[in-house]
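Reproduced below: input.tsv, with TSV, C-alpha atoms and all ligand atoms.
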```
chain	number	residue	atom	x	y	z
A	1	MET	CA	5.25	126.76	-55.81
A	2	GLY	CA	3.72	123.86	-53.99
A	3	GLU	CA	3.24	120.30	-55.10
A	4	GLY	CA	-0.50	120.87	-54.85
A	5	CYS	CA	-0.35	123.37	-57.67
A	6	SER	CA	1.54	121.06	-59.96
A	7	ARG	CA	-0.98	118.29	-59.28
A	8	ILE	CA	-3.91	120.63	-60.01
A	9	LEU	CA	-2.28	121.60	-63.30
A	10	ASP	CA	-1.54	117.99	-64.25
A	11	GLU	CA	-5.19	117.14	-63.69
A	12	LEU	CA	-6.25	120.15	-65.73
A	13	TRP	CA	-4.06	119.15	-68.71
A	14	GLU	CA	-5.40	115.63	-68.56
A	15	ARG	CA	-8.98	116.87	-68.57
A	16	ALA	CA	-8.22	119.31	-71.40
A	17	VAL	CA	-6.69	116.61	-73.58
A	18	LYS	CA	-9.54	114.20	-72.82
A	19	ALA	CA	-12.07	116.88	-73.76
A	20	GLY	CA	-10.21	117.47	-77.03
A	21	ALA	CA	-9.51	121.09	-76.09
A	22	SER	CA	-7.33	123.09	-78.46
A	23	ASP	CA	-6.69	125.87	-75.93
A	24	VAL	CA	-6.92	126.49	-72.21
A	25	HIS	CA	-7.68	130.06	-71.09
A	26	PHE	CA	-6.62	131.36	-67.66
A	27	ASP	CA	-8.43	134.61	-66.79
A	28	PRO	CA	-7.86	136.47	-63.54
A	29	ASP	CA	-10.51	138.74	-62.00
A	30	PRO	CA	-10.67	140.43	-58.58
A	31	GLU	CA	-12.14	137.32	-56.91
A	32	GLY	CA	-10.27	134.49	-58.56
A	33	TRP	CA	-9.45	132.81	-61.84
A	34	SER	CA	-11.74	131.40	-64.53
A	35	ILE	CA	-10.34	128.48	-66.48
A	36	ARG	CA	-11.96	127.67	-69.81
A	37	PHE	CA	-11.36	125.08	-72.54
A	38	ARG	CA	-11.82	125.75	-76.22
A	39	VAL	CA	-13.45	122.66	-77.68
A	40	SER	CA	-14.55	122.56	-81.33
A	41	GLY	CA	-14.17	126.32	-81.49
A	42	GLU	CA	-16.32	127.00	-78.42
A	43	LEU	CA	-15.13	128.25	-75.04
A	44	ARG	CA	-16.47	126.20	-72.14
A	45	PRO	CA	-16.02	126.85	-68.42
A	46	ALA	CA	-13.63	124.26	-67.00
A	47	ALA	CA	-12.75	125.38	-63.47
A	48	ARG	CA	-12.84	128.22	-61.01
A	49	TRP	CA	-9.74	128.80	-58.90
A	50	ASP	CA	-9.02	131.08	-55.96
A	51	LEU	CA	-6.53	133.89	-56.45
A	52	ARG	CA	-3.61	132.07	-54.85
A	53	THR	CA	-4.03	128.85	-56.86
A	54	GLY	CA	-4.40	130.79	-60.09
A	55	MET	CA	-1.34	132.90	-59.39
A	56	GLU	CA	0.79	129.87	-58.53
A	57	ALA	CA	-0.41	127.99	-61.59
A	58	ALA	CA	0.32	130.95	-63.87
A	59	GLN	CA	3.82	131.24	-62.39
A	60	ARG	CA	4.45	127.56	-62.87
A	61	ILE	CA	3.29	127.61	-66.48
A	62	LYS	CA	5.49	130.63	-67.22
A	63	LEU	CA	8.47	128.96	-65.58
A	64	LEU	CA	8.02	125.75	-67.59
A	65	ALA	CA	7.62	127.78	-70.78
A	66	ARG	CA	10.93	129.50	-70.01
A	67	MET	CA	9.38	132.95	-69.63
A	68	ASP	CA	10.43	135.75	-67.32
A	69	ILE	CA	8.17	135.06	-64.33
A	70	ALA	CA	8.75	138.49	-62.81
A	71	GLU	CA	7.52	140.27	-65.94
A	72	LYS	CA	3.77	140.79	-65.97
A	73	ARG	CA	3.41	144.04	-67.86
A	74	VAL	CA	4.44	143.02	-71.35
A	75	PRO	CA	3.13	140.08	-73.40
A	76	GLN	CA	5.35	137.03	-73.57
A	77	ASP	CA	5.19	133.73	-75.34
A	78	GLY	CA	6.94	130.44	-75.04
A	79	GLY	CA	6.61	126.72	-75.47
A	80	LEU	CA	6.76	123.68	-73.30
A	81	ARG	CA	6.40	119.94	-73.48
A	82	LEU	CA	4.68	117.86	-70.87
A	83	ALA	CA	3.81	114.23	-70.40
A	84	VAL	CA	0.03	114.00	-70.32
A	85	GLY	CA	-1.58	110.59	-70.02
A	86	GLY	CA	1.75	108.93	-70.77
A	87	ARG	CA	2.39	110.84	-74.00
A	88	GLU	CA	4.35	113.94	-74.72
A	89	VAL	CA	2.26	116.97	-75.57
A	90	ALA	CA	3.65	120.22	-76.97
A	91	MET	CA	2.08	123.41	-75.72
A	92	ARG	CA	2.41	127.03	-76.63
A	93	VAL	CA	1.87	129.66	-73.97
A	94	ALA	CA	1.02	133.32	-74.54
A	95	THR	CA	0.48	135.92	-71.84
A	96	LEU	CA	-1.34	139.22	-72.12
A	97	PRO	CA	-1.29	141.96	-69.48
A	98	THR	CA	-4.85	143.19	-68.96
A	99	VAL	CA	-6.27	145.69	-66.50
A	100	ARG	CA	-7.53	142.75	-64.42
A	101	GLY	CA	-4.15	141.07	-64.39
A	102	GLU	CA	-2.07	138.88	-66.62
A	103	ARG	CA	-4.10	136.34	-68.56
A	104	LEU	CA	-2.65	133.24	-70.17
A	105	VAL	CA	-3.68	131.08	-73.07
A	106	VAL	CA	-2.12	127.67	-73.53
A	107	ARG	CA	-2.53	126.07	-76.92
A	108	ILE	CA	-2.42	122.31	-76.75
A	109	HIS	CA	-0.95	120.45	-79.68
A	110	SER	CA	-2.30	117.09	-78.80
A	111	PRO	CA	-0.73	114.36	-80.90
A	112	TRP	CA	-3.88	112.30	-80.87
A	113	ALA	CA	-6.72	114.82	-80.89
A	114	ALA	CA	-7.81	115.41	-84.47
A	115	GLY	CA	-4.68	113.58	-85.60
A	116	ALA	CA	-6.43	110.55	-86.97
A	117	GLY	CA	-6.13	109.96	-90.68
A	118	LEU	CA	-3.49	112.59	-91.36
A	119	GLU	CA	-2.69	110.96	-94.67
A	120	SER	CA	-6.17	111.29	-96.07
A	121	GLY	CA	-8.01	114.53	-96.50
A	122	PRO	CA	-11.35	115.40	-94.99
A	123	GLU	CA	-13.59	112.41	-95.52
A	124	GLY	CA	-16.90	112.18	-97.25
A	125	ARG	CA	-16.21	114.62	-100.06
A	126	ALA	CA	-16.99	114.22	-103.73
A	127	GLU	CA	-14.12	113.10	-105.91
A	128	ASP	CA	-13.12	116.45	-107.27
A	129	SER	CA	-13.48	118.22	-103.97
A	130	VAL	CA	-11.74	121.39	-102.91
A	131	TRP	CA	-9.34	119.23	-100.93
A	132	ASP	CA	-8.41	117.19	-104.01
A	133	ARG	CA	-7.74	120.37	-105.97
A	134	TRP	CA	-5.62	121.64	-103.12
A	135	LEU	CA	-3.60	118.40	-103.24
A	136	ARG	CA	-3.14	118.84	-107.00
A	137	CYS	CA	-1.91	122.40	-106.42
A	138	LEU	CA	0.73	120.99	-104.10
A	139	GLU	CA	2.30	119.15	-107.03
A	140	ALA	CA	3.63	122.44	-108.40
A	141	PRO	CA	7.43	122.47	-108.30
A	142	HIS	CA	7.58	125.60	-106.18
A	143	GLY	CA	5.47	128.29	-104.61
A	144	LEU	CA	3.94	129.36	-101.34
A	145	PHE	CA	0.82	127.51	-100.19
A	146	LEU	CA	-1.01	129.12	-97.31
A	147	VAL	CA	-3.69	127.75	-95.02
A	148	ALA	CA	-5.71	130.68	-93.67
A	149	GLY	CA	-8.50	130.82	-91.13
A	150	PRO	CA	-9.52	131.83	-87.63
A	151	THR	CA	-8.36	130.26	-84.37
A	152	GLY	CA	-9.56	126.72	-83.90
A	153	SER	CA	-10.48	126.12	-87.55
A	154	GLY	CA	-8.01	123.27	-87.93
A	155	LYS	CA	-5.25	125.08	-89.86
A	156	THR	CA	-2.47	123.15	-88.14
A	157	THR	CA	-4.10	119.83	-88.93
A	158	SER	CA	-4.28	120.85	-92.59
A	159	LEU	CA	-0.61	121.87	-92.52
A	160	TYR	CA	0.40	118.49	-91.14
A	161	ARG	CA	-1.74	116.75	-93.74
A	162	VAL	CA	0.22	118.58	-96.41
A	163	VAL	CA	3.54	117.56	-94.83
A	164	ALA	CA	2.36	113.95	-94.61
A	165	GLU	CA	1.23	114.05	-98.24
A	166	TRP	CA	4.61	115.39	-99.43
A	167	VAL	CA	6.44	112.74	-97.38
A	168	ARG	CA	4.19	110.09	-98.93
A	169	ARG	CA	5.18	111.36	-102.38
A	170	GLY	CA	8.82	110.88	-101.46
A	171	GLU	CA	9.74	114.53	-101.06
A	172	CYS	CA	12.48	115.75	-98.76
A	173	VAL	CA	10.45	117.88	-96.35
A	174	VAL	CA	12.09	120.14	-93.76
A	175	THR	CA	9.86	121.87	-91.20
A	176	PHE	CA	10.65	124.87	-88.99
A	177	GLU	CA	8.40	124.97	-86.00
A	178	ASP	CA	8.11	126.85	-82.76
A	179	PRO	CA	7.42	124.36	-81.20
A	180	VAL	CA	7.11	121.08	-83.10
A	181	GLU	CA	3.46	120.30	-82.54
A	182	ARG	CA	3.16	116.81	-83.93
A	183	GLU	CA	5.74	114.38	-85.20
A	184	ILE	CA	5.43	113.14	-88.77
A	185	SER	CA	7.63	110.19	-89.58
A	186	GLY	CA	9.76	110.83	-92.64
A	187	ALA	CA	9.75	114.64	-92.27
A	188	HIS	CA	12.80	116.50	-91.01
A	189	GLN	CA	11.30	118.57	-88.23
A	190	VAL	CA	13.32	121.36	-86.70
A	191	GLU	CA	12.39	123.22	-83.54
A	192	LEU	CA	13.42	126.87	-83.57
A	193	ARG	CA	15.18	128.45	-80.59
A	194	PRO	CA	14.69	132.18	-81.13
A	195	ALA	CA	16.09	132.98	-77.67
A	196	ARG	CA	19.38	131.39	-78.72
A	197	GLY	CA	19.49	133.09	-82.07
A	198	PHE	CA	18.18	130.09	-84.00
A	199	ASP	CA	15.40	132.00	-85.70
A	200	TYR	CA	13.59	131.74	-89.04
A	201	ARG	CA	16.37	133.45	-90.98
A	202	ARG	CA	19.08	131.11	-89.74
A	203	ALA	CA	16.81	128.12	-90.04
A	204	LEU	CA	15.94	128.92	-93.65
A	205	ALA	CA	19.61	129.25	-94.60
A	206	ALA	CA	20.49	125.99	-92.84
A	207	GLY	CA	17.39	124.23	-94.15
A	208	LEU	CA	18.03	125.17	-97.77
A	209	ARG	CA	21.49	123.63	-97.48
A	210	GLN	CA	19.78	120.31	-96.74
A	211	ASP	CA	18.53	120.19	-100.34
A	212	PRO	CA	14.83	120.09	-99.47
A	213	SER	CA	12.07	119.96	-102.07
A	214	ALA	CA	9.50	121.22	-99.62
A	215	LEU	CA	9.44	123.31	-96.46
A	216	ALA	CA	6.82	123.78	-93.80
A	217	ILE	CA	6.91	126.98	-91.77
A	218	GLY	CA	4.47	126.48	-88.89
A	219	GLU	CA	2.43	129.61	-88.37
A	220	ILE	CA	3.35	132.96	-89.89
A	221	ARG	CA	3.05	135.20	-86.85
A	222	ASP	CA	5.65	137.86	-87.57
A	223	ALA	CA	7.85	139.47	-90.18
A	224	ASP	CA	10.60	136.87	-89.75
A	225	ALA	CA	8.32	133.93	-90.44
A	226	ALA	CA	6.76	135.80	-93.39
A	227	TRP	CA	10.21	136.46	-94.79
A	228	ALA	CA	11.23	132.81	-94.46
A	229	ALA	CA	8.02	131.56	-96.10
A	230	VAL	CA	8.28	133.91	-99.08
A	231	HIS	CA	12.03	133.49	-99.57
A	232	GLY	CA	11.83	129.71	-99.24
A	233	ALA	CA	9.32	129.73	-102.10
A	234	LEU	CA	11.35	132.22	-104.15
A	235	SER	CA	14.41	130.00	-103.81
A	236	GLY	CA	12.57	127.21	-105.61
A	237	CYS	CA	10.92	125.17	-102.87
A	238	ARG	CA	7.33	124.36	-102.18
A	239	VAL	CA	6.48	126.04	-98.90
A	240	VAL	CA	3.40	125.51	-96.77
A	241	ALA	CA	2.47	127.68	-93.79
A	242	THR	CA	-0.57	128.69	-91.80
A	243	ILE	CA	-1.71	132.25	-91.20
A	244	HIS	CA	-4.41	133.73	-89.00
A	245	ALA	CA	-6.48	135.55	-91.62
A	246	ARG	CA	-10.05	135.71	-92.86
A	247	GLY	CA	-9.26	135.05	-96.50
A	248	PRO	CA	-6.90	135.75	-99.39
A	249	GLY	CA	-7.32	139.54	-99.21
A	250	ASP	CA	-6.57	139.53	-95.52
A	251	VAL	CA	-3.55	137.26	-96.10
A	252	TRP	CA	-2.21	139.77	-98.58
A	253	GLN	CA	-2.70	142.67	-96.15
A	254	ARG	CA	-0.92	140.86	-93.37
A	255	LEU	CA	2.06	139.83	-95.44
A	256	TYR	CA	2.30	143.35	-96.81
A	257	ARG	CA	2.36	144.74	-93.27
A	258	TRP	CA	5.13	142.29	-92.39
A	259	GLY	CA	7.29	143.75	-95.11
A	260	VAL	CA	6.70	141.38	-98.01
A	261	THR	CA	6.80	143.39	-101.24
A	262	PRO	CA	4.17	143.02	-103.98
A	263	GLY	CA	6.84	141.61	-106.29
A	264	GLU	CA	7.92	139.00	-103.76
A	265	LEU	CA	4.32	138.04	-103.11
A	266	SER	CA	3.29	137.71	-106.74
A	267	GLY	CA	6.45	135.71	-107.39
A	268	SER	CA	5.78	133.27	-104.59
A	269	LEU	CA	2.13	132.92	-103.56
A	270	ALA	CA	0.56	129.97	-105.36
A	271	ALA	CA	-2.62	129.14	-103.49
A	272	VAL	CA	-4.56	129.97	-100.35
A	273	LEU	CA	-6.76	127.41	-98.66
A	274	THR	CA	-9.19	129.26	-96.40
A	275	GLN	CA	-10.90	127.35	-93.64
A	276	ARG	CA	-13.79	128.42	-91.52
A	277	LEU	CA	-16.06	126.79	-88.99
A	278	ARG	CA	-19.77	126.51	-89.56
A	279	PRO	CA	-22.13	125.43	-86.79
A	280	LYS	CA	-23.49	121.98	-87.48
A	281	GLY	CA	-27.25	121.69	-87.18
A	282	CYS	CA	-28.56	119.14	-84.71
A	283	PRO	CA	-29.64	116.07	-86.72
A	284	LEU	CA	-32.16	115.07	-84.09
A	285	CYS	CA	-33.93	118.46	-84.13
A	286	ARG	CA	-33.93	118.42	-87.93
A	287	ARG	CA	-35.48	114.97	-88.01
A	288	ARG	CA	-38.18	116.07	-85.58
A	289	ARG	CA	-38.95	119.16	-87.63
A	290	ARG	CA	-39.22	117.06	-90.78
A	291	GLY	CA	-41.44	114.57	-88.98
A	292	ASN	CA	-43.74	117.37	-87.86
A	293	ALA	CA	-43.92	118.86	-91.33
A	294	ALA	CA	-44.72	115.48	-92.89
A	295	GLY	CA	-47.42	114.73	-90.37
A	296	GLY	CA	-48.97	118.14	-90.89
A	297	VAL	CA	-49.34	118.56	-87.16
A	298	ALA	CA	-48.54	122.05	-85.99
A	299	THR	CA	-46.63	120.94	-82.92
A	300	PRO	CA	-44.65	123.81	-81.46
A	301	ARG	CA	-40.94	123.00	-81.36
A	302	GLN	CA	-39.77	122.03	-77.93
A	303	PRO	CA	-36.04	122.34	-78.24
A	304	GLU	CA	-35.41	122.11	-74.52
A	305	ARG	CA	-36.38	118.47	-74.79
A	306	CYS	CA	-33.71	117.58	-77.34
A	307	PRO	CA	-31.22	115.27	-75.61
A	308	ARG	CA	-28.63	115.73	-78.32
A	309	CYS	CA	-28.14	119.50	-78.39
A	310	ALA	CA	-29.88	120.57	-75.15
A	311	GLY	CA	-32.12	122.84	-77.19
A	312	ARG	CA	-29.41	124.87	-78.89
A	313	GLY	CA	-30.29	123.48	-82.28
A	314	ARG	CA	-26.68	122.77	-83.18
A	315	VAL	CA	-23.94	120.35	-82.21
A	316	GLY	CA	-20.32	121.39	-82.72
A	317	PHE	CA	-18.86	122.72	-85.93
A	318	GLU	CA	-17.78	121.56	-89.35
A	319	VAL	CA	-14.93	122.96	-91.42
A	320	LEU	CA	-15.57	124.61	-94.78
A	321	TYR	CA	-12.73	124.91	-97.26
A	322	HIS	CA	-12.28	127.55	-99.93
A	323	LEU	CA	-9.45	127.38	-102.39
A	324	THR	CA	-7.95	130.36	-104.15
A	325	VAL	CA	-5.50	129.43	-106.87
A	326	LEU	CA	-3.52	132.32	-108.21
A	327	GLN	CA	-3.82	132.44	-111.95
A	328	GLY	CA	-1.32	130.42	-113.88
A	329	ARG	CA	0.08	128.93	-110.72
A	330	GLY	CA	-0.49	126.14	-108.40
A	331	ASP	CA	-1.70	123.19	-110.43
A	332	GLY	CA	1.74	122.51	-111.86
A	333	ARG	CA	0.49	122.27	-115.41
A	334	GLU	CA	0.26	125.82	-116.60
A	335	GLU	CA	3.21	127.64	-117.98
A	336	GLU	CA	4.97	130.03	-115.67
A	337	GLY	CA	4.89	132.67	-118.44
A	338	ARG	CA	1.15	132.73	-118.51
A	339	ARG	CA	1.01	134.29	-115.09
A	340	ARG	CA	-0.01	137.90	-115.23
A	341	PRO	CA	3.12	139.95	-114.95
A	342	SER	CA	1.37	143.02	-113.59
A	343	GLY	CA	0.67	143.63	-109.95
A	344	ARG	CA	-2.73	141.99	-110.05
A	345	PHE	CA	-3.90	138.62	-108.94
A	346	GLN	CA	-7.05	136.91	-109.91
A	347	GLY	CA	-8.23	133.74	-108.39
A	348	VAL	CA	-11.36	131.74	-108.09
A	349	ILE	CA	-12.66	130.87	-104.69
A	350	GLU	CA	-14.13	127.45	-105.02
A	351	ASP	CA	-16.95	126.79	-102.69
A	352	PRO	CA	-17.32	123.24	-101.39
A	353	ASP	CA	-21.06	123.66	-101.74
A	354	GLY	CA	-20.74	124.20	-105.47
A	355	GLY	CA	-21.37	127.89	-106.06
A	356	GLY	CA	-18.00	129.41	-106.84
A	357	GLU	CA	-17.27	133.08	-106.50
A	358	VAL	CA	-14.59	135.17	-108.06
A	359	CYS	CA	-12.15	136.95	-105.86
A	360	GLU	CA	-9.92	139.68	-107.07
A	361	MET	CA	-7.02	141.12	-105.20
A	362	VAL	CA	-5.49	144.31	-106.42
A	363	GLU	CA	-2.11	145.37	-105.23
A	364	GLU	CA	-1.56	148.85	-103.98
A	365	GLY	CA	0.84	151.19	-105.68
B	401	ZN	ZN	-31.34	118.96	-81.05
```
In structure tokens, write the structure found in this file.
Amino acid sequence: MGEGCSRILDELWERAVKAGASDVHFDPDPEGWSIRFRVSGELRPAARWDLRTGMEAAQRIKLLARMDIAEKRVPQDGGLRLAVGGREVAMRVATLPTVRGERLVVRIHSPWAAGAGLESGPEGRAEDSVWDRWLRCLEAPHGLFLVAGPTGSGKTTSLYRVVAEWVRRGECVVTFEDPVEREISGAHQVELRPARGFDYRRALAAGLRQDPSALAIGEIRDADAAWAAVHGALSGCRVVATIHARGPGDVWQRLYRWGVTPGELSGSLAAVLTQRLRPKGCPLCRRRRRGNAAGGVATPRQPERCPRCAGRGRVGFEVLYHLTVLQGRGDGREEEGRRRPSGRFQGVIEDPDGGGEVCEMVEEG
């Protein structure tokens, strides 16, 4: 592994962080490697490498992430920390064997991309916004609070906002992360070492002995994390975690598949905040369209001329929040006994745009 390779990678990380990329994709094909950045939810080409450079870079990343570099036929994942632009950045690496070779995705947990204003919620919302209701839910003495959504929708940022909010309220917050993605002063952040037996089960037992009032389990990716999240909540803590899911129904399905029983779930789950990305319309194009309509001139739209969006009609994405509060839970004011004892949940999805819709989840069996 030459020095050249490590320099190429260093430059790549620096570019990725500067671009605000959340992930870097390394895809091999018969001729070489395509490197892409995910920025604001979109994949953009970042570089094209020859086979040798790509192979060396992949090896180096796997080595730094403490993976088995000889193993290319089964998926692996690991974490690493690197100094990028003078600051430490945590990264998570996942490999996937494909028919074209082993591809890698590196998730970048940049401490300063999207990290501004962690203490305050999304700006520019009306007073009783979905975010405010979510914060009120978090006052409940115990329960599981999940942030659900697709990749790149900002779930981790929301999780850290919750941790920061609990710290601000003077709670004792213990986090279990794999790896710690961002440091929050005042929170007790613990990095798991599954390879050395320090997994979610051991961490939960040790964490609960620290007399916490709140726990943060990073992302629920497997049965162990699901177990820790649910049992942390059942033992009387507030627990926040993220989960890759489309919405409350999907959350339920996933947890069920990871071995959480309906009883455990109804006893713990308090609220689900679902996030999704919506393309943001180009303000310049919109202004032009309005101008045309007002003038009554039937000018054909010439989007290719728009300097702002290059004719695509949209610039980036915005995050939409939906909140599902499970009946009788979550806002800390209703009596525990008023919760439906049967295996049914009912919650209201509150739409930030005003029109609420009712969501019903029915347990199987
Ligand atoms: Zn435009």
- [ ] Go through the chains and note each residue within 7 Å of ligand ZN 401 (chain B), using only C-alpha atoms and all ligand atoms, then give the set as JSON, numbers by chain.
- [x] {"A": [282, 283, 284, 285, 303, 306, 307, 308, 309, 310, 311, 312, 313, 314]}
Open item on the list: I want to know what sits within 8 Å of Ser22 of chain A, based on only C-alpha atoms, with residues of the same chain fewer than 4 positions away left out; could you give that as a VMD selection string?
Closed with: chain A and resid 37 to 40 107 to 110 152
Task: Surrounding residues of segment 213-230 of chain A excluding itself and chain neighbours under 4 positions, 9 Å, all atoms listed in the file, as a PyMOL selection string - done: chain A and resi 141-144+156+159-160+162-163+166+171-181+189+199-201+203-204+207-208+234-244+255+257-260+264-265+267-269
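In terms of minimum interatomic distance to Lys18 of chain A, A:Gly85 ranks closest within A:Gly85, A:Glu71, A:Val319, A:Ala195, counting only C-alpha atoms.
If you look at atom CA of Asp77 of chain A and atom CA of Thr95 of chain A, they are 6.3 Å away from each other.
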TODO: Tell me, in Å to one decimal, how far atom CA of Arg103 of chain A is from atom CA of Met55 of chain A.
DONE: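 Going from atom CA of Arg103 of chain A over to atom CA of Met55 of chain A, I get 10.2 Å.
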Open item on the list: Using Å and a single decimal, report how far atom CA of Arg278 of chain A sits from atom CA of Val106 of chain A.
Closed with: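 Between atom CA of Val106 of chain A and atom CA of Arg278 of chain A the gap is 23.9 Å.
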Working from the structure I just supplied, which lacks atoms in segment 49-63 of chain A, can you model N, CA and C atoms there and output them as a PDB file, in the frame of the given file?
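This went into part_17.pdb:
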```
ATOM      1  N   TRP A  49     -10.791 128.920 -59.902  1.00  0.00           N
ATOM      2  CA  TRP A  49      -9.740 128.800 -58.900  1.00  0.00           C
ATOM      3  C   TRP A  49      -9.696 130.050 -58.025  1.00  0.00           C
ATOM      4  N   ASP A  50      -9.209 129.884 -56.783  1.00  0.00           N
ATOM      5  CA  ASP A  50      -9.020 131.080 -55.960  1.00  0.00           C
ATOM      6  C   ASP A  50      -7.766 131.818 -56.456  1.00  0.00           C
ATOM      7  N   LEU A  51      -7.599 133.026 -55.947  1.00  0.00           N
ATOM      8  CA  LEU A  51      -6.530 133.890 -56.450  1.00  0.00           C
ATOM      9  C   LEU A  51      -5.152 133.247 -56.306  1.00  0.00           C
ATOM     10  N   ARG A  52      -4.930 132.625 -55.136  1.00  0.00           N
ATOM     11  CA  ARG A  52      -3.610 132.070 -54.850  1.00  0.00           C
ATOM     12  C   ARG A  52      -3.288 130.901 -55.797  1.00  0.00           C
ATOM     13  N   THR A  53      -4.256 130.005 -55.977  1.00  0.00           N
ATOM     14  CA  THR A  53      -4.030 128.850 -56.860  1.00  0.00           C
ATOM     15  C   THR A  53      -3.747 129.330 -58.291  1.00  0.00           C
ATOM     16  N   GLY A  54      -4.565 130.287 -58.735  1.00  0.00           N
ATOM     17  CA  GLY A  54      -4.400 130.790 -60.090  1.00  0.00           C
ATOM     18  C   GLY A  54      -3.034 131.426 -60.299  1.00  0.00           C
ATOM     19  N   MET A  55      -2.629 132.219 -59.297  1.00  0.00           N
ATOM     20  CA  MET A  55      -1.340 132.900 -59.390  1.00  0.00           C
ATOM     21  C   MET A  55      -0.194 131.887 -59.445  1.00  0.00           C
ATOM     22  N   GLU A  56      -0.258 130.893 -58.566  1.00  0.00           N
ATOM     23  CA  GLU A  56       0.790 129.870 -58.530  1.00  0.00           C
ATOM     24  C   GLU A  56       0.837 129.076 -59.833  1.00  0.00           C
ATOM     25  N   ALA A  57      -0.349 128.761 -60.347  1.00  0.00           N
ATOM     26  CA  ALA A  57      -0.410 127.990 -61.590  1.00  0.00           C
ATOM     27  C   ALA A  57       0.176 128.807 -62.743  1.00  0.00           C
ATOM     28  N   ALA A  58      -0.184 130.093 -62.790  1.00  0.00           N
ATOM     29  CA  ALA A  58       0.320 130.950 -63.870  1.00  0.00           C
ATOM     30  C   ALA A  58       1.853 131.038 -63.795  1.00  0.00           C
ATOM     31  N   GLN A  59       2.366 131.178 -62.584  1.00  0.00           N
ATOM     32  CA  GLN A  59       3.820 131.240 -62.390  1.00  0.00           C
ATOM     33  C   GLN A  59       4.492 129.964 -62.873  1.00  0.00           C
ATOM     34  N   ARG A  60       3.865 128.844 -62.512  1.00  0.00           N
ATOM     35  CA  ARG A  60       4.450 127.560 -62.870  1.00  0.00           C
ATOM     36  C   ARG A  60       4.471 127.368 -64.389  1.00  0.00           C
ATOM     37  N   ILE A  61       3.359 127.754 -65.026  1.00  0.00           N
ATOM     38  CA  ILE A  61       3.290 127.610 -66.480  1.00  0.00           C
ATOM     39  C   ILE A  61       4.361 128.484 -67.143  1.00  0.00           C
ATOM     40  N   LYS A  62       4.501 129.713 -66.629  1.00  0.00           N
ATOM     41  CA  LYS A  62       5.490 130.630 -67.220  1.00  0.00           C
ATOM     42  C   LYS A  62       6.905 130.099 -67.034  1.00  0.00           C
ATOM     43  N   LEU A  63       7.136 129.511 -65.862  1.00  0.00           N
ATOM     44  CA  LEU A  63       8.470 128.960 -65.580  1.00  0.00           C
ATOM     45  C   LEU A  63       8.784 127.814 -66.546  1.00  0.00           C
TER      46      LEU A  63
END
```
